[in-house]
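The structure file protein.pdb is reproduced below (PDB, C-alpha atoms).
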ATOM      1  CA  GLY I  17       0.000   0.000   0.000
ATOM      2  CA  ALA I  18       2.707   2.486   0.962
ATOM      3  CA  ARG I  19       4.651   1.720  -2.227
ATOM      4  CA  PHE I  20       1.562   2.462  -4.334
ATOM      5  CA  PHE I  21       1.063   5.909  -2.819
ATOM      6  CA  THR I  22       4.750   6.837  -3.101
ATOM      7  CA  ALA I  23       5.159   5.510  -6.675
ATOM      8  CA  PRO I  24       4.992   9.014  -8.268
ATOM      9  CA  LEU I  25       7.803  10.223  -5.997
ATOM     10  CA  ASP I  26       9.866   7.161  -6.904
ATOM     11  CA  LEU I  27       9.311   7.961 -10.590
ATOM     12  CA  ILE I  28      10.636  11.509 -10.092
ATOM     13  CA  LYS I  29      13.611  10.175  -8.121
ATOM     14  CA  ILE I  30      14.605   7.739 -10.883
ATOM     15  CA  ARG I  31      14.278  10.394 -13.579
ATOM     16  CA  ARG I  32      16.397  12.893 -11.703
ATOM     17  CA  GLN I  33      19.042  10.226 -11.194
ATOM     18  CA  LEU I  34      19.178   9.659 -14.960
ATOM     19  CA  VAL I  35      19.197  13.254 -16.212
ATOM     20  CA  LYS I  36      22.485  15.143 -16.296
ATOM     21  CA  PRO I  37      22.511  18.543 -14.599
ATOM     22  CA  GLY I  38      22.195  21.401 -17.054
ATOM     23  CA  GLY I  39      19.505  19.859 -19.230
ATOM     24  CA  VAL I  40      21.469  17.096 -20.944
ATOM     25  CA  GLY I  41      19.524  13.884 -21.193
ATOM     26  CA  VAL I  42      18.748  11.012 -23.517
ATOM     27  CA  GLY I  43      17.102  10.211 -26.792
ATOM     28  CA  ALA I  44      14.540  12.044 -28.859
ATOM     29  CA  GLY I  45      12.401  13.192 -25.968
ATOM     30  CA  VAL I  46      15.175  14.845 -23.996
ATOM     31  CA  ALA I  47      13.914  18.435 -24.107
ATOM     32  CA  ASN I  48      10.384  17.552 -23.104
ATOM     33  CA  ALA I  49      11.576  15.014 -20.555
ATOM     34  CA  ASN I  50      13.935  17.437 -18.852
ATOM     35  CA  ALA I  51      11.133  19.943 -18.600
ATOM     36  CA  ASN I  52       8.922  17.264 -17.063
ATOM     37  CA  VAL I  53      11.586  16.261 -14.558
ATOM     38  CA  ASN I  54      12.923  19.630 -13.459
ATOM     39  CA  GLY I  55       9.839  21.748 -13.975
ATOM     40  CA  GLY I  56      11.928  24.883 -14.399
ATOM     41  CA  PHE I  57      12.919  24.852 -10.725
ATOM     42  CA  SER I  58      15.817  23.574  -8.671
ATOM     43  CA  SER I  59      15.756  19.802  -8.158
ATOM     44  CA  PHE I  60      15.647  20.437  -4.420
ATOM     45  CA  SER I  61      12.691  22.831  -4.647
ATOM     46  CA  PRO I  62       9.291  21.473  -3.512
ATOM     47  CA  PHE I  63       7.719  23.638  -6.225
ATOM     48  CA  GLY I  64       9.864  21.870  -8.793
ATOM     49  CA  LEU I  65       8.624  18.521  -7.475
ATOM     50  CA  PHE I  66       4.940  19.413  -7.800
ATOM     51  CA  ARG I  67       5.487  20.980 -11.209
ATOM     52  CA  SER I  68       7.322  17.859 -12.365
ATOM     53  CA  LEU I  69       4.346  15.718 -11.365
ATOM     54  CA  ARG I  70       1.976  18.085 -13.139
ATOM     55  CA  ASP I  71       4.004  18.131 -16.351
ATOM     56  CA  ILE I  72       4.313  14.333 -16.450
ATOM     57  CA  VAL I  73       0.521  14.022 -16.134
ATOM     58  CA  ARG I  74      -0.001  16.668 -18.814
ATOM     59  CA  ASN I  75       2.543  15.424 -21.357
ATOM     60  CA  GLU I  76       2.808  11.669 -20.854
ATOM     61  CA  GLY I  77      -0.710  10.271 -20.748
ATOM     62  CA  GLY I  78      -2.541  11.484 -17.654
ATOM     63  CA  LEU I  79      -2.523  10.140 -14.096
ATOM     64  CA  PRO I  80      -1.563   6.551 -15.078
ATOM     65  CA  SER I  81       1.815   7.895 -16.240
ATOM     66  CA  LEU I  82       2.705   8.636 -12.595
ATOM     67  CA  PHE I  83       2.447   4.912 -11.863
ATOM     68  CA  ARG I  84       4.461   3.699 -14.853
ATOM     69  CA  GLY I  85       6.291   0.520 -13.913
ATOM     70  CA  ASN I  86       4.354   0.170 -10.658
ATOM     71  CA  LEU I  87       3.350  -3.416 -11.472
ATOM     72  CA  ALA I  88       6.999  -4.403 -11.828
ATOM     73  CA  ALA I  89       7.745  -2.513  -8.616
ATOM     74  CA  THR I  90       4.948  -4.415  -6.854
ATOM     75  CA  TYR I  91       6.401  -7.756  -7.931
ATOM     76  CA  LEU I  92       9.809  -6.478  -6.848
ATOM     77  CA  TRP I  93       8.823  -5.479  -3.324
ATOM     78  CA  ILE I  94       6.547  -8.460  -2.638
ATOM     79  CA  GLY I  95       9.332 -10.835  -3.636
ATOM     80  CA  TYR I  96      11.965  -8.726  -1.904
ATOM     81  CA  ALA I  97      10.073  -8.621   1.394
ATOM     82  CA  ALA I  98       9.300 -12.356   1.275
ATOM     83  CA  VAL I  99      12.951 -13.313   0.755
ATOM     84  CA  GLN I 100      14.373 -10.688   3.082
ATOM     85  CA  PHE I 101      12.285 -11.253   6.191
ATOM     86  CA  SER I 102      12.149 -15.042   5.927
ATOM     87  CA  LEU I 103      15.929 -15.201   5.554
ATOM     88  CA  TYR I 104      16.555 -12.478   8.143
ATOM     89  CA  ALA I 105      14.911 -14.464  10.957
ATOM     90  CA  ARG I 106      16.802 -17.640  10.089
ATOM     91  CA  THR I 107      20.121 -15.833   9.711
ATOM     92  CA  SER I 108      19.662 -14.015  13.031
ATOM     93  CA  ASP I 109      19.006 -17.283  14.849
ATOM     94  CA  PHE I 110      22.012 -18.922  13.214
ATOM     95  CA  ILE I 111      24.437 -16.095  14.040
ATOM     96  CA  ALA I 112      23.144 -15.604  17.590
ATOM     97  CA  ASN I 113      23.447 -19.318  18.401
ATOM     98  CA  ALA I 114      26.507 -20.128  16.328
ATOM     99  CA  HIS I 115      29.356 -22.040  17.936
ATOM    100  CA  PHE I 116      32.367 -22.023  15.677
ATOM    101  CA  GLN I 117      34.373 -24.542  17.644
ATOM    102  CA  ILE I 118      36.156 -27.563  16.219
ATOM    103  CA  PRO I 119      36.274 -30.534  18.628
ATOM    104  CA  PRO I 120      39.829 -31.176  19.842
ATOM    105  CA  ASN I 121      39.513 -34.907  19.157
ATOM    106  CA  ILE I 122      39.261 -34.213  15.438
ATOM    107  CA  ILE I 123      43.032 -34.514  15.328
ATOM    108  CA  SER I 124      43.576 -38.218  15.162
ATOM    109  CA  ASN I 125      46.708 -39.950  16.333
ATOM    110  CA  SER I 126      46.506 -41.976  13.151
ATOM    111  CA  MET I 127      47.587 -38.901  11.200
ATOM    112  CA  PRO I 128      51.193 -38.802  10.035
ATOM    113  CA  PRO I 129      53.297 -37.392  12.900
ATOM    114  CA  PRO I 130      54.576 -34.410  10.866
ATOM    115  CA  MET I 131      50.978 -33.335  10.257
ATOM    116  CA  ILE I 132      49.645 -33.535  13.833
ATOM    117  CA  GLU I 133      51.218 -30.355  15.192
ATOM    118  CA  PRO I 134      50.343 -28.101  12.173
ATOM    119  CA  ALA I 135      46.778 -29.460  12.186
ATOM    120  CA  GLN I 136      46.429 -28.782  15.911
ATOM    121  CA  ASN I 137      47.729 -25.243  15.429
ATOM    122  CA  ALA I 138      45.174 -24.657  12.662
ATOM    123  CA  VAL I 139      42.355 -25.926  14.909
ATOM    124  CA  ASN I 140      43.485 -23.626  17.703
ATOM    125  CA  VAL I 141      43.467 -20.610  15.375
ATOM    126  CA  ILE I 142      39.994 -21.448  14.050
ATOM    127  CA  ASN I 143      38.647 -21.914  17.572
ATOM    128  CA  ALA I 144      40.190 -18.616  18.671
ATOM    129  CA  VAL I 145      38.504 -16.853  15.747
ATOM    130  CA  GLY I 146      35.226 -18.544  16.653
ATOM    131  CA  VAL I 147      35.452 -17.352  20.265
ATOM    132  CA  THR I 148      36.244 -13.818  19.089
ATOM    133  CA  PHE I 149      33.279 -13.925  16.714
ATOM    134  CA  GLN I 150      30.958 -15.055  19.483
ATOM    135  CA  LYS I 151      32.143 -12.322  21.845
ATOM    136  CA  SER I 152      32.086  -9.483  19.304
ATOM    137  CA  ILE I 153      29.066 -10.358  17.143
ATOM    138  CA  SER I 154      26.907 -13.187  18.470
ATOM    139  CA  CYS I 155      26.534 -11.517  21.861
ATOM    140  CA  ASN I 156      25.812  -8.087  20.376
ATOM    141  CA  PRO I 157      22.188  -7.763  19.151
ATOM    142  CA  SER I 158      22.970  -4.787  16.920
ATOM    143  CA  ALA I 159      25.889  -6.632  15.291
ATOM    144  CA  VAL I 160      23.666  -9.670  14.729
ATOM    145  CA  ALA I 161      21.030  -7.403  13.173
ATOM    146  CA  PHE I 162      23.643  -5.784  10.886
ATOM    147  CA  CYS I 163      25.032  -9.089   9.610
ATOM    148  CA  SER I 164      21.602 -10.668   9.228
ATOM    149  CA  GLY I 165      20.198  -7.627   7.443
ATOM    150  CA  ALA I 166      23.150  -7.448   5.060
ATOM    151  CA  ILE I 167      22.915 -11.147   4.168
ATOM    152  CA  ALA I 168      19.122 -11.125   3.799
ATOM    153  CA  GLY I 169      19.179  -7.882   1.787
ATOM    154  CA  THR I 170      21.822  -9.202  -0.602
ATOM    155  CA  ALA I 171      19.877 -12.421  -1.229
ATOM    156  CA  ALA I 172      16.614 -10.520  -1.754
ATOM    157  CA  THR I 173      18.297  -8.054  -4.132
ATOM    158  CA  LEU I 174      19.733 -10.815  -6.320
ATOM    159  CA  ALA I 175      16.451 -12.772  -6.310
ATOM    160  CA  THR I 176      14.337  -9.831  -7.488
ATOM    161  CA  TYR I 177      16.864  -7.804  -9.486
ATOM    162  CA  PRO I 178      15.280  -8.357 -12.934
ATOM    163  CA  PHE I 179      12.112  -6.627 -11.695
ATOM    164  CA  ASP I 180      14.224  -3.734 -10.399
ATOM    165  CA  ILE I 181      15.809  -3.120 -13.789
ATOM    166  CA  CYS I 182      12.372  -3.553 -15.388
ATOM    167  CA  ARG I 183      10.998  -0.807 -13.146
ATOM    168  CA  THR I 184      13.848   1.505 -14.138
ATOM    169  CA  ALA I 185      13.282   0.844 -17.855
ATOM    170  CA  PHE I 186       9.580   1.692 -17.550
ATOM    171  CA  ALA I 187      10.271   4.842 -15.524
ATOM    172  CA  THR I 188      12.658   6.156 -18.217
ATOM    173  CA  ARG I 189      10.096   6.021 -21.039
ATOM    174  CA  GLY I 190       9.507   9.757 -20.862
ATOM    175  CA  LEU I 191      13.238  10.313 -21.130
ATOM    176  CA  THR I 192      13.776   8.163 -24.202
ATOM    177  CA  ILE I 193      10.836   8.559 -26.598
ATOM    178  CA  SER I 194       9.203  11.680 -27.916
ATOM    179  CA  ASP I 195       5.630  10.586 -27.139
ATOM    180  CA  PRO I 196       5.670   8.208 -24.146
ATOM    181  CA  SER I 197       1.867   8.113 -23.958
ATOM    182  CA  SER I 198       1.657   6.468 -27.390
ATOM    183  CA  THR I 199       3.816   3.409 -26.725
ATOM    184  CA  ALA I 200       2.434   0.495 -24.746
ATOM    185  CA  ILE I 201       4.936  -1.867 -23.161
ATOM    186  CA  SER I 202       4.554  -4.731 -20.731
ATOM    187  CA  ILE I 203       6.715  -6.736 -18.386
ATOM    188  CA  GLN I 204       6.582  -9.646 -20.828
ATOM    189  CA  SER I 205       7.782  -7.510 -23.738
ATOM    190  CA  PHE I 206      10.546  -6.100 -21.564
ATOM    191  CA  PHE I 207      11.951  -9.524 -20.710
ATOM    192  CA  LYS I 208      11.552 -10.598 -24.343
ATOM    193  CA  HIS I 209      13.596  -7.570 -25.389
ATOM    194  CA  ALA I 210      16.235  -8.412 -22.781
ATOM    195  CA  ALA I 211      16.519 -11.976 -24.097
ATOM    196  CA  SER I 212      16.621 -11.070 -27.803
ATOM    197  CA  ASN I 213      18.942  -8.045 -27.573
ATOM    198  CA  SER I 214      21.529  -9.293 -25.115
ATOM    199  CA  PRO I 215      25.257  -8.907 -25.795
ATOM    200  CA  ASN I 216      27.047 -12.151 -26.701
ATOM    201  CA  GLY I 217      23.737 -13.999 -26.439
ATOM    202  CA  ASN I 218      23.701 -13.703 -22.647
ATOM    203  CA  PRO I 219      20.383 -12.219 -21.407
ATOM    204  CA  LEU I 220      21.580 -12.299 -17.801
ATOM    205  CA  ARG I 221      24.045  -9.543 -18.640
ATOM    206  CA  ASN I 222      21.124  -7.248 -19.425
ATOM    207  CA  LEU I 223      18.871  -8.378 -16.590
ATOM    208  CA  PHE I 224      21.611  -7.943 -13.976
ATOM    209  CA  ALA I 225      23.230  -4.762 -15.305
ATOM    210  CA  GLY I 226      24.280  -2.594 -12.380
ATOM    211  CA  CYS I 227      24.154  -5.524  -9.984
ATOM    212  CA  GLY I 228      27.622  -4.740  -8.602
ATOM    213  CA  PRO I 229      26.814  -1.338  -7.109
ATOM    214  CA  ALA I 230      23.402  -2.682  -6.076
ATOM    215  CA  VAL I 231      25.016  -5.341  -3.889
ATOM    216  CA  LEU I 232      27.674  -2.935  -2.622
ATOM    217  CA  GLY I 233      24.895  -0.563  -1.653
ATOM    218  CA  ILE I 234      22.465  -3.050  -0.138
ATOM    219  CA  ILE I 235      25.015  -4.493   2.323
ATOM    220  CA  PRO I 236      25.513  -1.273   4.318
ATOM    221  CA  TYR I 237      21.937  -0.118   3.610
ATOM    222  CA  MET I 238      20.109  -3.098   5.091
ATOM    223  CA  GLY I 239      22.821  -3.734   7.676
ATOM    224  CA  ILE I 240      22.667  -0.191   9.052
ATOM    225  CA  ASN I 241      18.879  -0.146   8.707
ATOM    226  CA  PHE I 242      18.302  -3.239  10.857
ATOM    227  CA  ALA I 243      21.154  -2.515  13.281
ATOM    228  CA  LEU I 244      20.110   1.098  13.919
ATOM    229  CA  TYR I 245      16.467   0.143  14.291
ATOM    230  CA  ASP I 246      17.363  -2.614  16.758
ATOM    231  CA  TYR I 247      19.563  -0.194  18.718
ATOM    232  CA  LEU I 248      16.918   2.530  18.882
ATOM    233  CA  VAL I 249      14.186   0.107  19.928
ATOM    234  CA  ARG I 250      16.308  -1.486  22.650
ATOM    235  CA  LYS I 251      17.742   1.818  23.882
ATOM    236  CA  GLY I 252      14.398   3.518  24.270
ATOM    237  CA  GLU I 253      12.385   0.375  24.990
ATOM    238  CA  LYS I 254       9.977   1.437  22.269
ATOM    239  CA  THR I 255       6.732  -0.482  22.619
ATOM    240  CA  LYS I 256       4.219   1.888  21.021
ATOM    241  CA  VAL I 257       3.537   1.626  17.302
ATOM    242  CA  GLY I 258       4.266   5.333  16.792
ATOM    243  CA  ASP I 259       7.601   5.151  18.595
ATOM    244  CA  ALA I 260       8.648   2.037  16.691
ATOM    245  CA  GLY I 261       7.617   3.765  13.472
ATOM    246  CA  MET I 262       9.794   6.753  14.322
ATOM    247  CA  ALA I 263      12.748   4.445  14.977
ATOM    248  CA  GLY I 264      12.136   2.780  11.620
ATOM    249  CA  ALA I 265      11.969   6.146   9.850
ATOM    250  CA  ILE I 266      15.263   7.291  11.389
ATOM    251  CA  ALA I 267      16.993   3.995  10.571
ATOM    252  CA  GLY I 268      15.666   3.865   7.013
ATOM    253  CA  GLY I 269      16.398   7.513   6.251
ATOM    254  CA  THR I 270      19.926   7.381   7.632
ATOM    255  CA  SER I 271      20.907   4.205   5.800
ATOM    256  CA  LYS I 272      19.335   5.369   2.523
ATOM    257  CA  LEU I 273      21.197   8.678   2.637
ATOM    258  CA  ILE I 274      24.534   6.917   3.167
ATOM    259  CA  VAL I 275      24.215   4.600   0.151
ATOM    260  CA  TYR I 276      22.301   6.919  -2.216
ATOM    261  CA  PRO I 277      25.280   7.617  -4.538
ATOM    262  CA  LEU I 278      25.590   3.887  -5.251
ATOM    263  CA  ASP I 279      21.867   3.765  -6.037
ATOM    264  CA  THR I 280      22.373   6.504  -8.639
ATOM    265  CA  VAL I 281      25.225   4.553 -10.232
ATOM    266  CA  LYS I 282      23.033   1.436 -10.271
ATOM    267  CA  LYS I 283      20.158   3.226 -12.018
ATOM    268  CA  ARG I 284      22.460   4.647 -14.684
ATOM    269  CA  LEU I 285      24.008   1.248 -15.408
ATOM    270  CA  GLN I 286      20.526  -0.262 -15.644
ATOM    271  CA  ALA I 287      19.452   2.379 -18.154
ATOM    272  CA  GLN I 288      22.641   2.013 -20.180
ATOM    273  CA  ALA I 289      21.972  -1.714 -20.588
ATOM    274  CA  PHE I 290      18.938  -0.921 -22.741
ATOM    275  CA  ASN I 291      20.373   1.982 -24.751
ATOM    276  CA  THR I 292      18.111   4.366 -22.877
ATOM    277  CA  PHE I 293      20.675   6.546 -21.196
ATOM    278  CA  TRP I 294      22.782   9.083 -23.122
ATOM    279  CA  GLY I 295      22.714   6.741 -26.126
ATOM    280  CA  THR I 296      25.451   4.471 -24.764
ATOM    281  CA  THR I 297      25.685   0.854 -23.697
ATOM    282  CA  GLY I 298      28.540   0.960 -21.204
ATOM    283  CA  THR I 299      28.121  -1.254 -18.175
ATOM    284  CA  SER I 300      31.175  -0.332 -16.152
ATOM    285  CA  THR I 301      30.670   0.755 -12.576
ATOM    286  CA  SER I 302      33.768   2.930 -12.698
ATOM    287  CA  SER I 303      32.685   4.734 -15.883
ATOM    288  CA  ALA I 304      29.215   5.343 -14.528
ATOM    289  CA  SER I 305      30.664   6.639 -11.259
ATOM    290  CA  ALA I 306      32.885   9.012 -13.216
ATOM    291  CA  ALA I 307      29.850  10.275 -15.139
ATOM    292  CA  VAL I 308      27.971  10.880 -11.900
ATOM    293  CA  SER I 309      30.837  12.883 -10.421
ATOM    294  CA  LYS I 310      31.096  15.228 -13.424
TER     295      LYS I 310
END
Written form, structure tokens:
Amino acid sequence: GARFFTAPLDLIKIRRQLVKPGGVGVGAGVANANANVNGGFSSFSPFGLFRSLRDIVRNEGGLPSLFRGNLAATYLWIGYAAVQFSLYARTSDFIANAHFQIPPNIISNSMPPPMIEPAQNAVNVINAVGVTFQKSISCNPSAVAFCSGAIAGTAATLATYPFDICRTAFATRGLTISDPSSTAISIQSFFKHAASNSPNGNPLRNLFAGCGPAVLGIIPYMGINFALYDYLVRKGEKTKVGDAGMAGAIAGGTSKLIVYPLDTVKKRLQAQAFNTFWGTTGTSTSSASAAVSK
């Protein structure tokens, strides 16, 4: 429900990530698209935001244009939440109760004598690392939440990534064609395009374009999100729904702000994979990062 109501804001966010400052954009519809995105105001101006929404409705097919790609986004977040929270609980239990200790009797006297002492030394090192892990992470709820959130977020990102890139492709329609209201596309046609226009006959290269910065971003994002939320809830003993919601808002906002540059790089690599961004097909994280910094 929340994703549905915030879909227009997500559309504006994606478009502003893909348009170069100074009015340089992509494809045939660049002039009209830049006007729709920036609305003649600063990107940080609330008036520019409302004018952007108005211009998209006026020039790109009415109110439905504000929800372009929302079906793909719905599939994305349903699948993402299912994978993330189911794996998060299991990972938390595993880390909190983990005992990384190798039994001493694993070193058998039947081993060759020259191997017994090195093997015993290796077991001692592994056990020492396991004890350190238990003391520093397993016994710290916030550390457990960070590790569990990072692992669960990474798995969920990889499992649903094709829908993420699909959402980006739909959101960029107004940036890449002169009359976005006249062209009907579907999720099925998107995946068909990805399969038939993939470099070297490998459709996964298209469907997972930008996956590197996505994973690099999701590890600190979900780790900090869960860890900070856990810390705030435990510190303040938040039991009311409103207080827990405030803790969630602080944790989510802080973690999102930290990793936002990587999200911009990810979106640009996704768009490049389908020749929709600046007319290029580069898929290098470093080149996209350099373009962002200019």
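Rounded to one decimal, atom CA of Thr270 of chain I and atom CA of Phe110 of chain I lie 27.0 Å from each other.
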Between atom CA of Ser154 of chain I and atom CA of Asn140 of chain I, what is the spacing in Å?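 Atom CA of Ser154 of chain I lies at a distance of 19.6 Å from atom CA of Asn140 of chain I.
Using all atoms listed in the file, the shortest contact distance between Leu82 of chain I and any of I:Phe186, I:Gly95, I:Cys163, I:Val35 is found at I:Phe186.
By only C-alpha atoms, and with residues fewer than 6 positions from Gly264 of chain I along its chain excluded, the set lying at most 12 Å from it is Met238, Ile240, Asn241, Phe242, Ala243, Leu244, Tyr245, Asp246, Tyr247, Leu248, Val249, Lys254, Val257, Gly258, Thr270, Ser271 and Lys272 of chain I.
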Counting all atoms listed in the file, closest pick from I:Val147, I:Met131, I:Leu25, I:Ile30 relative to Thr188 of chain I is I:Ile30
> Using only C-alpha atoms, which of the listed residues (I:Ala172, I:Val160, I:Cys155, I:Ile72) sits closest to Ile94 of chain I?
Replying inline: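 Ranking I:Ala172, I:Val160, I:Cys155, I:Ile72 by distance to Ile94 of chain I, first place goes to I:Ala172.
Residues matched by the PyMOL selection byres ((chain I and resi 69) around 8) in this structure: Pro24, Ile28, Asn52, Val53, Leu65, Phe66, Arg67, Ser68, Arg70, Asp71, Ile72, Val73 and Leu82 of chain I.
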Practice prompt. Decode the PyMOL selection byres ((chain I and resi 83) around 9) for the given file into explicit residues and return them as a list in words.
Written response: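 So the PyMOL selection byres ((chain I and resi 83) around 9) ends up selecting Phe20, Ala23, Pro24, Leu27, Leu79, Pro80, Ser81, Leu82, Arg84, Gly85, Asn86, Leu87 and Ala187 of chain I.
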